[in-house]
Each structure stands twice: as structure tokens, then as C-alpha cells.
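Input: a single structure, listed below in C-alpha cells.
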Amino acid sequence: MDIIFSANNNEQVLTLPIIPENTPELSQGYKNSTFESINGELNLIGTKALRTVSFSCFFPNKKYKFIRPKSKEDGWVYVAFFNKYANNKMPIRMILVDNDNREISNMAYTVESFNCFVDRQGDIQYSLDLKEYRFPKAKK
């Protein structure tokens, strides 16, 4: 599996060097609501909520044999990527590709939180929280 991030219509594309131990789970909620009526409690089916994704792992800061092909060895490139697009208030795209190179998911997200620190080995431990971004539709 590969996890690929892109921004600004593929202006910048990065493949995560290490796949998190717990593969990112795409959480989908719904805005259903319940209320009391003379017939008892009723449940109204609502719209989809925005999807969320959270995971943590590390960016290497040295050459490892197990990093993913097409990824960067310099972990600070990834830190700069997530900070840049969060600070510039721009959505990023996360693409999940399985081992047969089939696309599992391809969605736009905003960075809700990104935290990182350098561990004793010099690698960059991080946690990332994303929320689905829905592009506004133009009126016709």
C-alpha cells in the first residue's frame, strides 16, 4: 500500500516513506437526528458528515532499506508540506493505493492538526488529523 499526498493540482506530490502501523481509517459519520413524536421516538435520516482521518507514524531522517519507493529520505520535506498547506489554508489530497496499484481512496482534506517531534534516533515522529474538504459548487 502507498499513501500519496498532493497539493495544488499535483504541484507538489509526496509518497509517505513509512506506512503507519494502523492503516488510516476513513471515518464516515451521518447527521441523523431523533425526536419524540406522538408515535414515540423517530429517527430522521440526515446528510453525510465530513469524513475524518487520523494516524501517526514517523518520517525518517536517514536512509532506511524499508522506506517506500518514490518517497523522500528527508523527513523535513513532509513537515514543511503539511505546515505549508495548513498555514496557507489550502486543501491537500490524500490518495490510498493498494499493493496492486488500485486506487482505494482519493479525497481532498484540510489539515486539522499536525504535531511532530524529533526522537532519539533523529527521526521525526508525527501525528496527523485530516478532515474532508468539499469544494464549493459554482452556481450556474
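Identifiers in this document derive from the order of the C-alpha cells: chains are assigned A, B, ..., residues are numbered from 1 separately in each chain, and ligands are numbered from 1 in order of occurrence.
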Using DSSP on the backbone, list every residue of chain A that comes out as alpha helix (DSSP H), and give them as an mmCIF file with N, CA and C atoms, in the first residue's frame.
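Just written: states-v1.cif:
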```cif
data_model
loop_
_atom_site.group_PDB
_atom_site.id
_atom_site.type_symbol
_atom_site.label_atom_id
_atom_site.label_comp_id
_atom_site.auth_asym_id
_atom_site.auth_seq_id
_atom_site.Cartn_x
_atom_site.Cartn_y
_atom_site.Cartn_z
ATOM 1 N N TRP A 76 12.009 16.286 6.879
ATOM 2 C CA TRP A 76 11.588 17.686 6.999
ATOM 3 C C TRP A 76 10.819 18.165 5.767
ATOM 4 N N VAL A 77 10.980 17.492 4.645
ATOM 5 C CA VAL A 77 10.193 17.818 3.446
ATOM 6 C C VAL A 77 8.704 17.616 3.741
ATOM 7 N N TYR A 78 8.374 16.556 4.470
ATOM 8 C CA TYR A 78 6.979 16.260 4.813
ATOM 9 C C TYR A 78 6.442 17.250 5.837
ATOM 10 N N VAL A 79 7.270 17.575 6.807
ATOM 11 C CA VAL A 79 6.862 18.564 7.820
ATOM 12 C C VAL A 79 6.539 19.891 7.132
ATOM 13 N N ALA A 80 7.410 20.318 6.237
ATOM 14 C CA ALA A 80 7.197 21.575 5.509
ATOM 15 C C ALA A 80 5.920 21.507 4.671
ATOM 16 N N PHE A 81 5.656 20.365 4.036
ATOM 17 C CA PHE A 81 4.460 20.194 3.209
ATOM 18 C C PHE A 81 3.190 20.408 4.036
ATOM 19 N N PHE A 82 3.048 19.674 5.129
ATOM 20 C CA PHE A 82 1.820 19.773 5.927
ATOM 21 C C PHE A 82 1.666 21.160 6.555
ATOM 22 N N ASN A 83 2.767 21.723 7.032
ATOM 23 C CA ASN A 83 2.692 23.072 7.608
ATOM 24 C C ASN A 83 2.354 24.123 6.557
ATOM 25 N N LYS A 84 2.945 24.007 5.387
ATOM 26 C CA LYS A 84 2.717 24.985 4.317
ATOM 27 C C LYS A 84 1.237 25.062 3.942
ATOM 28 N N TYR A 85 0.644 23.905 3.675
ATOM 29 C CA TYR A 85 -0.741 23.933 3.198
ATOM 30 C C TYR A 85 -1.738 24.205 4.320
ATOM 31 N N ALA A 86 -1.404 23.839 5.537
ATOM 32 C CA ALA A 86 -2.263 24.216 6.671
ATOM 33 C C ALA A 86 -2.199 25.733 6.878
ATOM 34 N N ASN A 87 -0.991 26.285 6.874
ATOM 35 C CA ASN A 87 -0.829 27.732 7.083
ATOM 36 C C ASN A 87 -1.426 28.561 5.951
#
```
Inset, instruction - For segment 62-65 of chain A, list every protein, DNA or RNA residue within 8 Å, evaluated using only C-alpha atoms, and leave out those in the same chain fewer than 4 positions away; present the list as an MDAnalysis selection string. - result: chainID A and resid 73:74 123
Can you list every residue of segment 104-140 of chain A that has an atom at most 10 Å from segment 33-53 of chain A, with its nearest atom pair and the distance in Å to one decimal, using only C-alpha atoms, ordered by chain then number, as a Markdown table?
```
| residue | atom | partner | partner_atom | distance |
| --- | --- | --- | --- | --- |
| A:Met107 | CA | A:Arg51 | CA | 9.6 |
| A:Tyr109 | CA | A:Thr52 | CA | 8.4 |
| A:Thr110 | CA | A:Thr52 | CA | 9.6 |
| A:Val111 | CA | A:Val53 | CA | 9.9 |
| A:Glu112 | CA | A:Thr52 | CA | 9.4 |
| A:Leu128 | CA | A:Val53 | CA | 8.1 |
| A:Asp129 | CA | A:Val53 | CA | 5.8 |
| A:Leu130 | CA | A:Val53 | CA | 5.1 |
| A:Lys131 | CA | A:Thr52 | CA | 4.5 |
| A:Glu132 | CA | A:Arg51 | CA | 5.1 |
| A:Tyr133 | CA | A:Leu50 | CA | 7.5 |
| A:Arg134 | CA | A:Leu50 | CA | 8.2 |
```
Just write the chosen residues, C-alpha atoms, as a tab-separated table (two decimals), in the first residue's frame.
```
chain	number	residue	atom	x	y	z
A	107	MET	CA	-10.14	12.75	-1.49
A	109	TYR	CA	-8.76	17.14	3.11
A	110	THR	CA	-7.83	20.02	5.34
A	111	VAL	CA	-5.12	19.62	7.95
A	112	GLU	CA	-6.91	19.81	11.31
A	128	LEU	CA	-1.85	13.95	11.61
A	129	ASP	CA	-5.58	14.68	11.74
A	130	LEU	CA	-7.40	15.41	8.49
A	131	LYS	CA	-10.99	16.41	7.71
A	132	GLU	CA	-12.70	16.04	4.35
A	133	TYR	CA	-12.83	19.19	2.25
A	134	ARG	CA	-15.78	19.64	-0.05
```
Legend entry - For atom CA of Asn106 of chain A and atom CA of Asn22 of chain A, the interatomic separation in Å (one decimal): 18.6 Å
Inset, instruction - May I have all residues of segment 2-64 of chain A that DSSP, computed from the backbone, assigns to strand (DSSP E or B), given as a ChimeraX atom specification? - result: /A:2-7,12-15,27,30,33-37,40-44,48,52-59
Legend entry - Selection: 7 Å around segment 1-16 of chain A, only C-alpha atoms, excl. self and same-chain fewer than 3 positions, as a list in words: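 So, after excluding close chain neighbours, the residues are Ile19, Lys70, Ser71, Ile92, Arg93, Met94, Ile95, Leu96, Val97, Asp98 and Asn99 of chain A.
Closest approach to Pro91 of chain A from the set A:Ala138, A:Pro60, A:Gln28, A:Ala108 is made by A:Ala108, with distances taken over only C-alpha atoms.
You will find atom CA of Asn61 of chain A at 21.6 Å from atom CA of Thr23 of chain A.
For the choices A:Phe55, A:Tyr126, A:Phe114, A:Tyr30, the atom-to-atom distance to Gly75 of chain A is smallest for A:Tyr126 when using only C-alpha atoms.
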Legend entry - Atom-to-atom span, atom CA of Cys57 of chain A and atom CA of Asp119 of chain A, Å: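 Result for atom CA of Cys57 of chain A versus atom CA of Asp119 of chain A: 11.7 Å, one decimal.
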